[in-house]
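Trainee: Sending over entry-v3.txt (compact mmCIF, C-alpha atoms).
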```txt
# COMPACT_ATOMS: atom_id res chain seq x y z
CA MET J 681 50.97 -20.21 51.25
CA THR J 682 53.03 -22.69 49.22
CA LYS J 683 54.53 -21.81 45.88
CA THR J 684 52.39 -24.51 44.24
CA ARG J 685 49.19 -22.96 45.58
CA VAL J 686 50.30 -19.49 44.49
CA TRP J 687 50.95 -20.76 40.97
CA MET J 688 47.56 -22.49 40.84
CA LEU J 689 45.76 -19.31 41.90
CA ALA J 690 47.71 -17.31 39.34
CA ILE J 691 46.78 -19.74 36.57
CA LEU J 692 43.11 -19.63 37.57
CA PHE J 693 43.14 -15.80 37.57
CA ILE J 694 44.81 -15.64 34.17
CA SER J 695 42.37 -18.22 32.74
CA PHE J 696 39.38 -16.25 34.08
CA PHE J 697 40.78 -13.01 32.64
CA VAL J 698 41.37 -14.55 29.21
CA VAL J 699 37.90 -16.14 29.07
CA SER J 700 36.28 -12.89 30.19
CA CYS J 701 38.12 -10.92 27.52
CA ASP J 702 37.31 -13.43 24.78
CA LYS J 703 33.64 -13.78 25.69
CA GLU J 704 31.44 -12.02 23.15
CA GLU J 705 28.54 -9.94 24.34
CA ASP J 706 25.11 -11.28 23.49
CA PRO J 707 23.85 -9.54 20.33
CA VAL J 708 21.16 -6.93 20.82
CA GLU J 709 17.89 -8.20 19.39
CA ILE J 710 16.47 -5.80 16.82
CA ASN J 711 12.72 -5.39 16.45
CA GLU J 712 12.80 -4.81 12.70
CA ALA J 713 9.11 -3.91 12.34
CA GLU J 714 9.17 -1.34 15.13
CA LEU J 715 12.37 0.19 13.81
CA LEU J 716 10.85 0.32 10.33
CA VAL J 717 7.49 1.86 11.23
CA LYS J 718 8.99 4.51 13.50
CA TRP J 719 11.29 5.54 10.69
CA MET J 720 8.55 5.50 8.07
CA GLU J 721 6.30 7.64 10.27
CA SER J 722 9.03 10.20 10.85
CA ALA J 723 8.99 13.42 8.86
CA THR J 724 12.64 12.96 7.94
CA SER J 725 12.25 9.66 6.10
CA PRO J 726 11.42 9.49 2.38
CA ALA J 727 8.08 7.92 3.37
CA ALA J 728 7.31 11.00 5.52
CA ASN J 729 4.32 9.25 7.13
CA TYR J 730 2.72 8.79 3.70
CA GLY J 731 0.72 5.82 5.00
CA ASN J 732 -1.33 8.20 7.13
CA SER J 733 -1.69 10.97 4.57
CA ALA J 734 -4.09 11.59 1.69
CA LEU J 735 -4.27 9.46 -1.43
CA ALA J 736 -1.98 10.75 -4.20
CA ILE J 737 -4.46 10.81 -7.04
CA LYS J 738 -5.40 13.11 -9.93
CA SER J 739 -8.52 12.97 -12.08
CA ALA J 740 -8.34 12.24 -15.79
CA GLU J 741 -9.41 15.83 -16.34
CA ALA J 742 -6.49 17.12 -14.27
CA VAL J 743 -4.08 14.87 -16.16
CA HIS J 744 -5.51 16.05 -19.47
CA THR J 745 -5.05 19.70 -18.47
CA ALA J 746 -1.46 19.12 -17.31
CA MET J 747 -0.78 17.18 -20.49
CA ALA J 748 -1.92 20.11 -22.64
CA ALA J 749 0.62 22.27 -20.82
CA ASP J 750 3.38 19.64 -21.19
CA LYS J 751 3.64 19.44 -17.39
CA VAL J 752 2.90 15.75 -16.79
CA TYR J 753 4.91 12.64 -17.67
CA ILE J 754 2.56 9.71 -18.15
CA ILE J 755 3.59 6.12 -17.42
CA ASP J 756 1.11 3.44 -18.49
CA ILE J 757 1.58 0.12 -16.68
CA ARG J 758 -1.02 -1.88 -18.60
CA SER J 759 0.09 -4.77 -20.76
CA ALA J 760 2.00 -3.99 -23.93
CA VAL J 761 -0.87 -5.45 -25.97
CA ASP J 762 -3.47 -3.20 -24.36
CA TRP J 763 -1.21 -0.16 -24.57
CA ALA J 764 -0.72 -0.78 -28.29
CA ALA J 765 -4.48 -1.03 -28.80
CA GLY J 766 -4.95 2.45 -27.38
CA HIS J 767 -3.14 4.83 -25.04
CA ILE J 768 -2.72 8.46 -24.08
CA GLU J 769 -0.52 10.16 -26.63
CA GLY J 770 3.02 10.54 -25.31
CA SER J 771 2.61 7.97 -22.56
CA VAL J 772 5.39 5.49 -21.89
CA ASN J 773 4.51 1.84 -21.50
CA LEU J 774 6.44 0.08 -18.72
CA ALA J 775 6.12 -2.95 -16.50
CA ALA J 776 5.51 -1.90 -12.90
CA GLY J 777 8.83 -3.38 -11.83
CA ASP J 778 10.72 -1.14 -14.25
CA VAL J 779 9.14 2.19 -13.35
CA ARG J 780 11.48 3.28 -10.57
CA ASP J 781 14.62 2.62 -12.60
CA HIS J 782 13.09 4.44 -15.55
CA ILE J 783 12.30 7.50 -13.44
CA ASP J 784 15.82 7.52 -12.02
CA ALA J 785 17.37 7.25 -15.47
CA THR J 786 15.19 9.86 -17.21
CA ASP J 787 15.51 13.63 -17.08
CA LEU J 788 12.02 14.69 -15.98
CA SER J 789 12.94 18.20 -14.87
CA ALA J 790 10.61 19.73 -17.45
CA TYR J 791 7.58 18.11 -15.82
CA ASP J 792 5.71 19.04 -12.64
CA GLU J 793 4.40 15.56 -11.99
CA ILE J 794 4.29 11.93 -13.06
CA SER J 795 0.98 10.19 -13.65
CA ILE J 796 0.75 6.40 -13.26
CA VAL J 797 -2.01 4.94 -15.42
CA CYS J 798 -3.57 1.47 -15.31
CA TYR J 799 -6.97 -0.05 -16.15
CA SER J 800 -9.06 0.98 -13.13
CA GLY J 801 -6.78 3.10 -10.96
CA GLN J 802 -6.23 0.35 -8.41
CA THR J 803 -2.93 -1.09 -9.63
CA ALA J 804 -1.70 2.46 -10.22
CA SER J 805 -2.53 3.31 -6.59
CA TRP J 806 -0.52 0.28 -5.45
CA LEU J 807 2.53 1.36 -7.44
CA THR J 808 2.11 5.05 -6.60
CA CYS J 809 2.13 4.16 -2.90
CA LEU J 810 5.41 2.29 -3.29
CA LEU J 811 6.97 5.18 -5.19
CA GLN J 812 5.73 7.78 -2.72
CA LEU J 813 7.04 5.73 0.20
CA ALA J 814 10.43 5.73 -1.51
CA GLY J 815 10.39 9.52 -1.75
CA TYR J 816 8.92 10.21 -5.20
CA LYS J 817 6.47 12.87 -4.06
CA ASP J 818 5.42 14.19 -7.48
CA VAL J 819 3.97 10.85 -8.53
CA TYR J 820 0.18 10.39 -8.71
CA SER J 821 -2.19 7.72 -9.91
CA MET J 822 -4.86 8.65 -12.44
CA ALA J 823 -8.32 8.19 -10.90
CA PHE J 824 -10.24 5.23 -12.34
CA GLY J 825 -7.40 4.57 -14.79
CA MET J 826 -7.99 4.44 -18.51
CA SER J 827 -11.64 3.68 -17.77
CA SER J 828 -12.11 7.40 -17.15
CA TRP J 829 -10.16 8.46 -20.26
CA HIS J 830 -12.39 6.91 -22.89
CA ALA J 831 -15.30 4.46 -23.00
CA ASP J 832 -13.27 2.08 -25.14
CA PHE J 833 -11.20 1.24 -22.05
CA ASP J 834 -14.03 1.04 -19.52
CA LYS J 835 -13.33 -1.73 -16.99
CA TRP J 836 -15.45 -0.15 -14.29
CA SER J 837 -19.04 -0.30 -15.49
CA GLY J 838 -19.02 -4.08 -15.56
CA ASN J 839 -17.73 -4.28 -11.98
CA ILE J 840 -20.25 -2.13 -10.13
CA SER J 841 -22.92 -4.05 -8.25
CA ASN J 842 -25.61 -3.92 -5.57
CA GLU J 843 -25.59 -7.62 -4.80
CA LYS J 844 -24.30 -7.16 -1.23
CA ALA J 845 -26.61 -4.26 -0.32
CA THR J 846 -28.90 -6.42 1.83
CA LEU J 847 -25.90 -7.90 3.64
CA PHE J 848 -24.43 -4.64 4.93
CA THR J 849 -25.04 -3.84 8.59
CA ALA J 850 -24.83 -0.93 11.01
CA ASP J 851 -23.81 -3.19 13.92
CA VAL J 852 -20.52 -2.02 15.43
CA THR J 853 -17.60 -4.42 15.76
CA ALA J 854 -14.83 -3.20 18.04
CA LYS J 855 -11.21 -3.24 16.93
CA ALA J 856 -9.08 -6.07 18.25
CA GLU J 857 -7.01 -5.62 21.39
CA GLU J 858 -3.56 -4.15 20.90
CA GLY J 859 -0.92 -6.75 20.14
CA GLU J 860 2.49 -6.93 18.55
CA LEU J 861 3.83 -5.73 15.23
CA PRO J 862 4.68 -8.31 12.54
CA THR J 863 7.92 -10.22 12.83
CA LEU J 864 10.34 -9.16 10.11
CA THR J 865 13.48 -11.18 9.44
CA THR J 866 15.29 -9.32 6.68
CA GLY J 867 18.54 -9.63 8.63
CA PHE J 868 19.30 -5.93 8.28
CA GLU J 869 19.96 -3.58 11.16
CA THR J 870 18.98 -0.15 9.84
CA ALA J 871 15.49 1.06 9.00
CA GLU J 872 16.62 2.11 5.52
CA GLU J 873 17.94 -1.37 4.71
CA ILE J 874 14.85 -3.07 6.14
CA PHE J 875 12.63 -0.75 4.10
CA ASP J 876 14.53 -1.47 0.89
CA ALA J 877 14.16 -5.22 1.46
CA GLN J 878 10.45 -4.95 2.20
CA TRP J 879 9.89 -2.55 -0.70
CA ASP J 880 11.52 -4.94 -3.14
CA ALA J 881 9.48 -7.86 -1.78
CA VAL J 882 6.14 -6.04 -2.11
CA LEU J 883 7.00 -4.84 -5.61
CA GLY J 884 8.06 -8.34 -6.59
CA ASP J 885 4.80 -9.84 -5.30
CA GLY J 886 2.83 -7.53 -7.58
CA PHE J 887 -0.62 -6.07 -7.11
CA GLY J 888 -2.25 -9.47 -7.56
CA ALA J 889 -0.91 -10.56 -4.18
CA ALA J 890 -2.31 -7.40 -2.60
CA ALA J 891 -5.86 -7.66 -4.00
CA ILE J 892 -8.92 -9.78 -3.32
CA SER J 893 -12.46 -9.95 -4.72
CA ASN J 894 -15.58 -9.46 -2.62
CA ALA J 895 -16.69 -12.93 -3.72
CA ASP J 896 -13.64 -14.46 -2.06
CA VAL J 897 -14.16 -12.40 1.09
CA TYR J 898 -17.83 -13.30 1.39
CA ALA J 899 -17.05 -16.98 0.85
CA ASN J 900 -15.91 -16.99 4.49
CA LEU J 901 -15.97 -13.67 6.32
CA ASP J 902 -14.42 -15.23 9.42
CA ASP J 903 -11.19 -15.88 7.55
CA TYR J 904 -10.41 -12.17 7.40
CA TYR J 905 -9.85 -9.15 9.61
CA ILE J 906 -11.88 -6.62 7.64
CA ILE J 907 -11.15 -2.91 7.80
CA ASN J 908 -13.80 -0.41 6.75
CA TYR J 909 -11.60 2.51 5.75
CA TRP J 910 -14.29 5.20 5.94
CA PRO J 911 -15.28 7.91 8.42
CA ASN J 912 -17.38 6.56 11.28
CA ALA J 913 -20.58 8.26 10.09
CA GLU J 914 -20.47 6.28 6.84
CA TYR J 915 -19.51 3.11 8.69
CA LEU J 916 -22.96 3.41 10.28
CA ASP J 917 -24.79 4.64 7.18
CA PRO J 918 -24.80 3.13 4.56
CA GLY J 919 -23.25 0.50 6.81
CA HIS J 920 -20.49 -2.03 6.32
CA ILE J 921 -19.56 -5.64 5.74
CA GLU J 922 -20.67 -7.73 8.71
CA GLY J 923 -17.83 -7.95 11.22
CA ALA J 924 -15.82 -5.14 9.64
CA MET J 925 -14.10 -2.67 11.95
CA GLN J 926 -13.98 1.06 11.28
CA TYR J 927 -10.54 2.66 10.93
CA THR J 928 -10.50 6.41 10.39
CA PRO J 929 -8.61 7.31 7.20
CA ASN J 930 -5.22 8.99 7.66
CA VAL J 931 -5.44 8.66 11.46
CA ASP J 932 -5.82 5.17 12.90
CA LEU J 933 -3.07 3.25 11.14
CA ALA J 934 -0.27 4.90 13.10
CA LEU J 935 1.92 3.40 15.80
CA ASP J 936 0.53 5.64 18.54
CA GLU J 937 -3.06 5.09 17.38
CA ALA J 938 -4.49 1.72 16.34
CA LEU J 939 -1.80 0.11 14.18
CA LYS J 940 -1.05 -2.54 16.79
CA THR J 941 -4.68 -3.68 16.81
CA LEU J 942 -4.07 -5.30 13.44
CA PRO J 943 -3.50 -9.06 13.63
CA THR J 944 -0.26 -10.65 12.53
CA ASP J 945 -1.78 -14.12 12.12
CA LYS J 946 -4.72 -13.34 9.87
CA THR J 947 -5.24 -11.84 6.44
CA ILE J 948 -6.31 -8.20 6.65
CA VAL J 949 -8.78 -7.00 4.04
CA VAL J 950 -9.06 -3.23 3.59
CA TYR J 951 -11.93 -1.72 1.66
CA CYS J 952 -12.85 1.83 0.71
CA TYR J 953 -15.25 3.33 -1.83
CA THR J 954 -13.45 2.44 -5.07
CA GLY J 955 -10.54 0.18 -4.19
CA GLN J 956 -8.03 2.90 -4.98
CA ASN J 957 -7.39 4.16 -1.45
CA SER J 958 -7.52 0.64 -0.03
CA ALA J 959 -4.90 -0.42 -2.59
CA ARG J 960 -2.62 2.24 -1.15
CA ILE J 961 -3.27 1.22 2.46
CA ALA J 962 -2.87 -2.49 1.81
CA THR J 963 0.44 -1.75 0.10
CA TYR J 964 1.65 0.31 3.06
CA LEU J 965 0.71 -2.47 5.49
CA ARG J 966 2.43 -5.08 3.33
CA VAL J 967 5.66 -3.08 3.50
CA LEU J 968 5.32 -3.23 7.29
CA GLY J 969 4.99 -7.00 7.11
CA TYR J 970 1.24 -7.52 7.40
CA ASP J 971 -0.66 -9.93 5.16
CA ALA J 972 -2.94 -7.20 3.82
CA LYS J 973 -5.16 -7.12 0.75
CA SER J 974 -7.30 -4.49 -0.95
CA LEU J 975 -10.89 -5.38 -1.78
CA LYS J 976 -11.16 -4.76 -5.51
CA PHE J 977 -13.60 -2.05 -6.67
CA GLY J 978 -14.45 -1.32 -3.03
CA ALA J 979 -18.03 -0.57 -2.05
CA ASN J 980 -18.85 0.22 -5.67
CA GLY J 981 -18.70 -3.49 -6.32
CA MET J 982 -21.09 -4.29 -3.47
CA ILE J 983 -23.56 -1.47 -2.70
CA HIS J 984 -23.17 0.94 -5.59
CA ASP J 985 -26.65 2.50 -5.52
CA GLU J 986 -26.65 2.85 -1.72
CA MET J 987 -23.70 5.22 -1.71
CA GLU J 988 -23.85 8.99 -1.85
CA GLY J 989 -20.89 10.19 -3.86
CA HIS J 990 -17.65 8.26 -4.38
CA THR J 991 -19.43 6.20 -7.03
CA TRP J 992 -18.48 5.20 -10.53
CA SER J 993 -20.77 6.27 -13.33
CA GLU J 994 -20.48 6.67 -17.07
CA GLY J 995 -20.34 10.39 -16.39
CA ALA J 996 -16.79 9.83 -15.16
CA ILE J 997 -15.74 8.86 -18.69
CA MET J 998 -14.21 11.94 -20.28
CA GLY J 999 -14.06 10.78 -23.89
CA TYR J 1000 -10.58 12.12 -24.54
CA ASP J 1001 -8.62 11.30 -27.68
CA TYR J 1002 -6.16 8.43 -27.68
CA VAL J 1003 -3.70 6.91 -30.12
CA THR J 1004 -2.71 3.38 -31.10
CA ALA J 1005 0.72 1.93 -31.70
CA LYS J 1006 1.76 1.93 -35.36
```
Produce structure tokens that represent the structure in this file.
Mentor:
Amino acid sequence: MTKTRVWMLAILFISFFVVSCDKEEDPVEINEAELLVKWMESATSPAANYGNSALAIKSAEAVHTAMAADKVYIIDIRSAVDWAAGHIEGSVNLAAGDVRDHIDATDLSAYDEISIVCYSGQTASWLTCLLQLAGYKDVYSMAFGMSSWHADFDKWSGNISNEKATLFTADVTAKAEEGELPTLTTGFETAEEIFDAQWDAVLGDGFGAAAISNADVYANLDDYYIINYWPNAEYLDPGHIEGAMQYTPNVDLALDEALKTLPTDKTIVVYCYTGQNSARIATYLRVLGYDAKSLKFGANGMIHDEMEGHTWSEGAIMGYDYVTAK
């Protein structure tokens, strides 16, 4: 072999070695949604599978009792104008976006729990879900909001209705076939960072983005993937919105159950009895990246008289004292 050929082979070897050493490995593609939901469903995360647990809610009576014992810290997220017109004595008026920072900055060690109060209980359920997902386990929403505290704040009685009673059906609609989780593009690589980004986004969107009226849903039922968030027996009787699919509360919306049957290309509408539990579930799904909305006032706004229990009535108004801003 000539010296020239030996030198050429040596150069080729060195060039190959240098290129091989400099070549970067292809980045590992991260499935952000899968990483996020697995972490959120784990017992070790702050969320602690809250999305598949019971609604964190306390009645006005329970809040009143805890208040008398100085064991509850009350945060009212209604507008400043409405808070000034009448509120629970000792409550703090905050915008929803300021609540977490306020809790972190305030010594609440003397209290057993925090109660989030709104007009109807639905916005409070939305915010309580976000706080519970972030690890604030002693936070609860007050059932039916200020509507249940005193008749002067009643937003519920004018929103109950039977106008959809003849439209409910017992016909069963099967869940969709299992598909993929939503595509998240936060750019982060850890579940904690992805969660923080999604949490901030859902909080920033506000409850308005997570809610929908039954009038809008009925305007075109085919536009929505509708979840009846009741036990199966009640899905059949008193029935459900035509085309709605039954998802068992605290069971089905898990990764190893039926979570992947939810569409990623269609708005999901969740409804329950009062809109309070569905507000929680829609919020949880929005953190995961789904376009989910809670049907406001739930079945009470559609088939009030057809329901057994879980209904709003004036008997839910406790008539407790309140104060106004001076």
Trainee: In Å, rounded to a single decimal, give me how far atom CA of Ala890 of chain J is from atom CA of Phe875 of chain J.
Mentor: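 Here the two named atoms are 17.7 Å from each other.
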Trainee: Looking at all atoms listed in the file, which of J:Ile874, J:Leu813, J:Ala934, J:Cys952 is the one that sits closest to Ser725 of chain J?
Mentor: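 For Ser725 of chain J, the nearest of the given residues is J:Leu813.
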Trainee: Quote the spacing between atom CA of Thr991 of chain J and atom CA of Val797 of chain J in Å to one decimal place.
Mentor: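 Atom CA of Val797 of chain J lies 19.4 Å from atom CA of Thr991 of chain J.
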Trainee: To one decimal in Å, tell me the separation between atom CA of Glu988 of chain J and atom CA of Lys855 of chain J.
Mentor: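 If I compute the distance from atom CA of Glu988 of chain J to atom CA of Lys855 of chain J, I get 25.7 Å.
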Trainee: Can you tell me, as a PyMOL selection string, what residues are no more than 7 Å from Lys940 of chain J when counting only C-alpha atoms, ignoring any on the same chain fewer than 6 positions away?
Mentor: chain J and resi 858-861
Trainee: I want to know what sits within 10 Å of Gly801 of chain J, based on only C-alpha atoms, with residues of the same chain fewer than 6 positions away left out; could you give that as a compact mmCIF listing (two decimals) with C-alpha atoms, in the coordinates of the input?
Mentor:
```txt
# COMPACT_ATOMS: atom_id res chain seq x y z
CA ILE J 737 -4.46 10.81 -7.04
CA SER J 821 -2.19 7.72 -9.91
CA MET J 822 -4.86 8.65 -12.44
CA ALA J 823 -8.32 8.19 -10.90
CA PHE J 824 -10.24 5.23 -12.34
CA GLY J 825 -7.40 4.57 -14.79
CA MET J 826 -7.99 4.44 -18.51
CA SER J 827 -11.64 3.68 -17.77
CA SER J 828 -12.11 7.40 -17.15
CA TRP J 836 -15.45 -0.15 -14.29
CA THR J 954 -13.45 2.44 -5.07
CA GLY J 955 -10.54 0.18 -4.19
CA GLN J 956 -8.03 2.90 -4.98
CA ASN J 957 -7.39 4.16 -1.45
CA ALA J 959 -4.90 -0.42 -2.59
CA PHE J 977 -13.60 -2.05 -6.67
```
Trainee: Could you pull the residues within 10 Å of Leu788 of chain J, counting all atoms listed in the file, minus those fewer than 6 positions along the same chain, as a PyMOL selection string?
Mentor: chain J and resi 751-753+794
Trainee: Which residues come within 8 Å of Val882 of chain J, counting only C-alpha atoms, excluding same-chain residues fewer than 5 positions away, as a PyMOL selection string?
Mentor: chain J and resi 963+966-967
Trainee: Pick from J:Ala938, J:Ala891, J:Leu916, J:Ala831: nearest to Ala856 of chain J, with all atoms listed in the file counted?
Mentor: J:Ala938
Trainee: Give as a PDB file with C-alpha atoms, keeping the file's coordinate frame each residue that has an atom at most 10 Å from (-19.5, 7.0, -2.1) in the file, counting all atoms listed in the file.
Mentor:
```pdb
ATOM      1  CA  TRP J 910     -14.290   5.200   5.940  1.00  0.00           C
ATOM      2  CA  GLU J 914     -20.470   6.280   6.840  1.00  0.00           C
ATOM      3  CA  PRO J 918     -24.800   3.130   4.560  1.00  0.00           C
ATOM      4  CA  CYS J 952     -12.850   1.830   0.710  1.00  0.00           C
ATOM      5  CA  TYR J 953     -15.250   3.330  -1.830  1.00  0.00           C
ATOM      6  CA  THR J 954     -13.450   2.440  -5.070  1.00  0.00           C
ATOM      7  CA  GLY J 978     -14.450  -1.320  -3.030  1.00  0.00           C
ATOM      8  CA  ALA J 979     -18.030  -0.570  -2.050  1.00  0.00           C
ATOM      9  CA  ASN J 980     -18.850   0.220  -5.670  1.00  0.00           C
ATOM     10  CA  ILE J 983     -23.560  -1.470  -2.700  1.00  0.00           C
ATOM     11  CA  HIS J 984     -23.170   0.940  -5.590  1.00  0.00           C
ATOM     12  CA  ASP J 985     -26.650   2.500  -5.520  1.00  0.00           C
ATOM     13  CA  GLU J 986     -26.650   2.850  -1.720  1.00  0.00           C
ATOM     14  CA  MET J 987     -23.700   5.220  -1.710  1.00  0.00           C
ATOM     15  CA  GLU J 988     -23.850   8.990  -1.850  1.00  0.00           C
ATOM     16  CA  GLY J 989     -20.890  10.190  -3.860  1.00  0.00           C
ATOM     17  CA  HIS J 990     -17.650   8.260  -4.380  1.00  0.00           C
ATOM     18  CA  THR J 991     -19.430   6.200  -7.030  1.00  0.00           C
ATOM     19  CA  TRP J 992     -18.480   5.200 -10.530  1.00  0.00           C
TER      20      TRP J 992
END
```
Trainee: Would you compute, for all listed atoms of segment 875-878 of chain J, the axis-aligned bounding box grown by 6 Å on each side, and then report its centre and edge lengths in Å rounded to one decimal, as lines of an AutoDock Vina configuration file?
Mentor:
```
center_x = 12.5
center_y = -3.0
center_z = 2.5
size_x = 16.1
size_y = 16.5
size_z = 15.2
```
Trainee: Quick one: of J:Ala899, J:Cys809, J:Leu975, J:Met998, who's nearest to Asn732 of chain J, counting all atoms listed in the file?
Mentor: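 Ranking J:Ala899, J:Cys809, J:Leu975, J:Met998 by distance to Asn732 of chain J, first place goes to J:Cys809.
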Trainee: Which residues are close to Tyr1000 of chain J, i.e. within 12 Å by only C-alpha atoms, leaving aside same-chain residues fewer than 2 positions away? Reply as a PDB file with C-alpha atoms, in the coordinates of the input.
Mentor:
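As a result, result-v1.pdb now contains:
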```
ATOM      1  CA  ALA J 740      -8.340  12.240 -15.790  1.00  0.00           C
ATOM      2  CA  GLU J 741      -9.410  15.830 -16.340  1.00  0.00           C
ATOM      3  CA  VAL J 743      -4.080  14.870 -16.160  1.00  0.00           C
ATOM      4  CA  HIS J 744      -5.510  16.050 -19.470  1.00  0.00           C
ATOM      5  CA  THR J 745      -5.050  19.700 -18.470  1.00  0.00           C
ATOM      6  CA  MET J 747      -0.780  17.180 -20.490  1.00  0.00           C
ATOM      7  CA  ALA J 748      -1.920  20.110 -22.640  1.00  0.00           C
ATOM      8  CA  GLY J 766      -4.950   2.450 -27.380  1.00  0.00           C
ATOM      9  CA  HIS J 767      -3.140   4.830 -25.040  1.00  0.00           C
ATOM     10  CA  ILE J 768      -2.720   8.460 -24.080  1.00  0.00           C
ATOM     11  CA  GLU J 769      -0.520  10.160 -26.630  1.00  0.00           C
ATOM     12  CA  MET J 826      -7.990   4.440 -18.510  1.00  0.00           C
ATOM     13  CA  SER J 827     -11.640   3.680 -17.770  1.00  0.00           C
ATOM     14  CA  SER J 828     -12.110   7.400 -17.150  1.00  0.00           C
ATOM     15  CA  TRP J 829     -10.160   8.460 -20.260  1.00  0.00           C
ATOM     16  CA  HIS J 830     -12.390   6.910 -22.890  1.00  0.00           C
ATOM     17  CA  ALA J 831     -15.300   4.460 -23.000  1.00  0.00           C
ATOM     18  CA  ASP J 832     -13.270   2.080 -25.140  1.00  0.00           C
ATOM     19  CA  PHE J 833     -11.200   1.240 -22.050  1.00  0.00           C
ATOM     20  CA  ALA J 996     -16.790   9.830 -15.160  1.00  0.00           C
ATOM     21  CA  ILE J 997     -15.740   8.860 -18.690  1.00  0.00           C
ATOM     22  CA  MET J 998     -14.210  11.940 -20.280  1.00  0.00           C
ATOM     23  CA  TYR J1002      -6.160   8.430 -27.680  1.00  0.00           C
ATOM     24  CA  VAL J1003      -3.700   6.910 -30.120  1.00  0.00           C
TER      25      VAL J1003
END
```
Trainee: Using only C-alpha atoms, which of the listed residues (J:Ser771, J:Ser993, J:Thr786, J:Thr866) sits closest to Leu716 of chain J?
Mentor: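 Counting only C-alpha atoms, the residue closest to Leu716 of chain J is J:Thr866.
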Trainee: Counting all atoms listed in the file, which residues come within 12 Å of (11.5, 4.2, -9.6), with the point read in the file's coordinates, and could you list them as a PDB file with C-alpha atoms, in the frame of the given file?
Mentor:
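Saved result, part-v4.pdb, follows:
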```pdb
ATOM      1  CA  ILE J 755       3.590   6.120 -17.420  1.00  0.00           C
ATOM      2  CA  LEU J 774       6.440   0.080 -18.720  1.00  0.00           C
ATOM      3  CA  ALA J 775       6.120  -2.950 -16.500  1.00  0.00           C
ATOM      4  CA  ALA J 776       5.510  -1.900 -12.900  1.00  0.00           C
ATOM      5  CA  GLY J 777       8.830  -3.380 -11.830  1.00  0.00           C
ATOM      6  CA  ASP J 778      10.720  -1.140 -14.250  1.00  0.00           C
ATOM      7  CA  VAL J 779       9.140   2.190 -13.350  1.00  0.00           C
ATOM      8  CA  ARG J 780      11.480   3.280 -10.570  1.00  0.00           C
ATOM      9  CA  ASP J 781      14.620   2.620 -12.600  1.00  0.00           C
ATOM     10  CA  HIS J 782      13.090   4.440 -15.550  1.00  0.00           C
ATOM     11  CA  ILE J 783      12.300   7.500 -13.440  1.00  0.00           C
ATOM     12  CA  ASP J 784      15.820   7.520 -12.020  1.00  0.00           C
ATOM     13  CA  ALA J 785      17.370   7.250 -15.470  1.00  0.00           C
ATOM     14  CA  THR J 786      15.190   9.860 -17.210  1.00  0.00           C
ATOM     15  CA  ILE J 794       4.290  11.930 -13.060  1.00  0.00           C
ATOM     16  CA  ILE J 796       0.750   6.400 -13.260  1.00  0.00           C
ATOM     17  CA  LEU J 807       2.530   1.360  -7.440  1.00  0.00           C
ATOM     18  CA  THR J 808       2.110   5.050  -6.600  1.00  0.00           C
ATOM     19  CA  CYS J 809       2.130   4.160  -2.900  1.00  0.00           C
ATOM     20  CA  LEU J 810       5.410   2.290  -3.290  1.00  0.00           C
ATOM     21  CA  LEU J 811       6.970   5.180  -5.190  1.00  0.00           C
ATOM     22  CA  GLN J 812       5.730   7.780  -2.720  1.00  0.00           C
ATOM     23  CA  LEU J 813       7.040   5.730   0.200  1.00  0.00           C
ATOM     24  CA  ALA J 814      10.430   5.730  -1.510  1.00  0.00           C
ATOM     25  CA  GLY J 815      10.390   9.520  -1.750  1.00  0.00           C
ATOM     26  CA  TYR J 816       8.920  10.210  -5.200  1.00  0.00           C
ATOM     27  CA  LYS J 817       6.470  12.870  -4.060  1.00  0.00           C
ATOM     28  CA  ASP J 818       5.420  14.190  -7.480  1.00  0.00           C
ATOM     29  CA  VAL J 819       3.970  10.850  -8.530  1.00  0.00           C
ATOM     30  CA  TRP J 879       9.890  -2.550  -0.700  1.00  0.00           C
ATOM     31  CA  ASP J 880      11.520  -4.940  -3.140  1.00  0.00           C
ATOM     32  CA  LEU J 883       7.000  -4.840  -5.610  1.00  0.00           C
TER      33      LEU J 883
END
```
Trainee: Taking all atoms listed in the file into account, name the residue in J:Tyr927, J:Phe887, J:Phe868, J:Tyr898 that is nearest to Ile710 of chain J.
Mentor: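 Of J:Tyr927, J:Phe887, J:Phe868, J:Tyr898, the one nearest Ile710 of chain J is J:Phe868, counting all atoms listed in the file.
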Trainee: Please determine, counting all atoms listed in the file, which residue among J:Leu864, J:Val931, J:Ala972, J:Ile757 has the shortest atom-to-atom distance to Tyr905 of chain J.
Mentor: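 The closest residue to Tyr905 of chain J is J:Ala972.
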Trainee: Dump segment 806-823 of chain J with C-alpha atoms to a file, as a tab-separated table (two decimals), in the first residue's frame.
Mentor:
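Written file, result-v3.tsv:
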```tsv
chain	number	residue	atom	x	y	z
J	806	TRP	CA	-63.52	26.05	39.66
J	807	LEU	CA	-61.03	27.90	41.87
J	808	THR	CA	-61.14	25.30	44.64
J	809	CYS	CA	-60.23	22.63	42.10
J	810	LEU	CA	-57.19	24.61	41.00
J	811	LEU	CA	-56.09	25.16	44.58
J	812	GLN	CA	-56.61	21.52	45.55
J	813	LEU	CA	-54.67	20.37	42.50
J	814	ALA	CA	-51.81	22.58	43.66
J	815	GLY	CA	-51.82	20.92	47.08
J	816	TYR	CA	-54.09	23.16	49.17
J	817	LYS	CA	-56.11	20.34	50.71
J	818	ASP	CA	-57.95	22.34	53.38
J	819	VAL	CA	-59.70	24.53	50.82
J	820	TYR	CA	-63.42	24.04	50.12
J	821	SER	CA	-66.07	25.81	48.11
J	822	MET	CA	-69.27	26.88	49.86
J	823	ALA	CA	-72.24	25.02	48.37
```
